[in-house]
Amino acid sequence: MSEAEQIPASASEAAASAVLDALNATDSNGTEALNATAKFVATPEGTALAYGSLVFMALLPIFFGALRSVTCSKSKNAADMPETITSRDAARFPIIASCTLFGLYLFFKVFSQEYINLLLSVYFFVLGVLALSHTMSPLMSRVFPASFPNKQYQLLFTQGSGESKEEIVNYEFDTKNLVCLLISSVVGVWYLLKKHWIANNLFGLAFALNGVELLHLNNVSTGCILLGGLFIYDVFWVFGTNVMVTVAKSFEAPIKLVFPQDLLEKGLEASNFAMLGLGDIVIPGIFIALLLRFDVSLNKNSRTYFYSSFLAYIFGLGLTIFVMHTFKHAQPALLYLVPACVGFPVIIALFKGELTEMFRYEESSEETKEEATESEKKDQ
């Protein structure tokens, strides 16, 4: 990434959480040399359009992912069950992310970058198709008319027989889901063949939205542990070493949102990109989604904590861009996003006298819910 223009990425948690960490200081200018000595210089209009578009795109998966996380937390469909992050998971994640990042760094140093990226392209093609299909599914349910012949299907894999039989996979879907899968596959082939930035963004938005929707923190304390750990992780790997920048420049996968700074000059064929890593969206996003579910649990018809943290995210991301351009140096986005997204809601809770209630709020994991249900049945 050029030091003059950059939005760094942070640790990530979307469909392939460990791999997303590779993009923590992405090249926001994405520039290639116009000749052997000169680099592309974006116009003020092009820069403003690119950064404004990135901020807008970052807000979409956080807002809609948080809304969908409320429905997801009440779902009984196995395909929509959230993955609960506990305090132990949160404490281990920065360590695992660091090991993964350094492992990728060594891989790119030892093995051919071309073959590694080919393997990652196929891997993210499969993940992207599934993520985009899941993202589109609720929309398709509204688009198709009621008269549409929507047949139900079930994919079931079991192990053993008789009383010892156990389910390995039990996935229910319908005709509308198959249509979503077909459309997503077309986008996937487009990305695989052309690596077009629009296809990249469709996959990136799908990854981010699914991450915010399906990754649930079990309480606010866990969220603080996760964000605090990744705050240190982000600062260390961006300021302390060149590992993150090296991996980011070598890594080709739809784990970032991009927008061309030369769109006004070259149209859709533009090639000089501003970038934002998905980690800077998903990590704060799952905390903001938790606060929305906390708002819902209060039963006050108010979304105070959700909107305050959402506005704090906008402020933090804007501050990252401002500091980056002022000092002409790469900035770890979580350095600004974490204090903003955690601090704003905590201050509001303190003034409203709900701080204790906020930190006592607990979301049960699916295993805990099942154990509680079984316990109730035994009591009856």
# chains A, B, ... in the order shown; residues from 1 in each chain; ligands from 1

$ select_by_dssp --residues "stretch 205-241 of chain A" --states "strand (DSSP E or B)" --output "list in words"
Leu215, His216, Leu217 and Asn219 of chain A

$ write_last_selection --atoms "N, CA and C atoms" --output "PDB file, in the first residue's frame"
ATOM      1  N   LEU A 215     -22.054 -14.657  13.396  1.00  0.00           N
ATOM      2  CA  LEU A 215     -21.082 -14.707  14.494  1.00  0.00           C
ATOM      3  C   LEU A 215     -21.614 -13.876  15.661  1.00  0.00           C
ATOM      4  N   HIS A 216     -21.973 -14.530  16.749  1.00  0.00           N
ATOM      5  CA  HIS A 216     -22.583 -13.851  17.890  1.00  0.00           C
ATOM      6  C   HIS A 216     -21.661 -13.872  19.098  1.00  0.00           C
ATOM      7  N   LEU A 217     -21.417 -12.710  19.668  1.00  0.00           N
ATOM      8  CA  LEU A 217     -20.734 -12.613  20.954  1.00  0.00           C
ATOM      9  C   LEU A 217     -21.729 -12.966  22.053  1.00  0.00           C
ATOM     10  N   ASN A 219     -21.664 -12.089  25.242  1.00  0.00           N
ATOM     11  CA  ASN A 219     -21.951 -10.953  26.117  1.00  0.00           C
ATOM     12  C   ASN A 219     -21.016  -9.790  25.804  1.00  0.00           C
TER      13      ASN A 219
END

$ closest_atom_pairs --of "stretch 259-329 of chain A" --to "stretch 82-105 of chain A" --cutoff "12 Å" --atoms "only C-alpha atoms" --output "tab-separated table"
residue	atom	partner	partner_atom	distance
A:Gly279	CA	A:Ala97	CA	11.3
A:Ile283	CA	A:Ala90	CA	11.0
A:Ile286	CA	A:Ile85	CA	10.1
A:Phe287	CA	A:Ile85	CA	11.0
A:Leu290	CA	A:Thr84	CA	11.1

$ write_last_selection --atoms "all heavy atoms" --output "compact mmCIF listing (two decimals), in the first residue's frame"
# COMPACT_ATOMS: atom_id res chain seq x y z
N GLY A 279 -12.06 -7.31 7.81
CA GLY A 279 -11.91 -7.34 9.26
C GLY A 279 -12.34 -6.06 9.93
O GLY A 279 -12.86 -6.07 11.04
N ILE A 283 -15.42 -7.30 12.55
CA ILE A 283 -15.08 -7.29 13.98
C ILE A 283 -15.90 -6.23 14.74
O ILE A 283 -16.55 -6.56 15.73
CB ILE A 283 -13.57 -7.08 14.18
CG1 ILE A 283 -12.80 -8.26 13.57
CG2 ILE A 283 -13.25 -6.95 15.66
CD1 ILE A 283 -13.18 -9.61 14.13
N ILE A 286 -19.89 -7.27 14.61
CA ILE A 286 -20.50 -8.26 15.50
C ILE A 286 -20.74 -7.67 16.89
O ILE A 286 -21.66 -8.10 17.60
CB ILE A 286 -19.65 -9.55 15.58
CG1 ILE A 286 -18.25 -9.28 16.12
CG2 ILE A 286 -19.57 -10.22 14.23
CD1 ILE A 286 -17.40 -10.53 16.29
N PHE A 287 -19.93 -6.68 17.27
CA PHE A 287 -20.16 -6.00 18.55
C PHE A 287 -21.37 -5.09 18.46
O PHE A 287 -22.20 -5.03 19.39
CB PHE A 287 -18.92 -5.20 18.95
CG PHE A 287 -19.00 -4.57 20.32
CD1 PHE A 287 -18.84 -5.35 21.45
CD2 PHE A 287 -19.25 -3.22 20.47
CE1 PHE A 287 -18.92 -4.78 22.73
CE2 PHE A 287 -19.34 -2.64 21.72
CZ PHE A 287 -19.17 -3.42 22.86
N LEU A 290 -24.45 -7.18 18.60
CA LEU A 290 -24.73 -7.59 19.97
C LEU A 290 -25.50 -6.50 20.71
O LEU A 290 -26.46 -6.78 21.45
CB LEU A 290 -23.42 -7.90 20.70
CG LEU A 290 -23.53 -8.15 22.21
CD1 LEU A 290 -24.31 -9.43 22.50
CD2 LEU A 290 -22.14 -8.22 22.86

$ closest_residue --among "A:Val296, A:Ala330, A:Ala340, A:Leu335" --to "A:Ile232" --atoms "only C-alpha atoms"
A:Leu335

$ residues_around --residues "stretch 342-356 of chain A" --least-positions-apart "5" --cutoff "7 Å" --atoms "only C-alpha atoms" --output "PyMOL selection string"
chain A and resi 305+308-309+312

$ residues_around --residues "A:Leu120" --least-positions-apart "4" --cutoff "8 Å" --atoms "only C-alpha atoms" --output "MDAnalysis selection string"
chainID A and resid 116 124 252:253
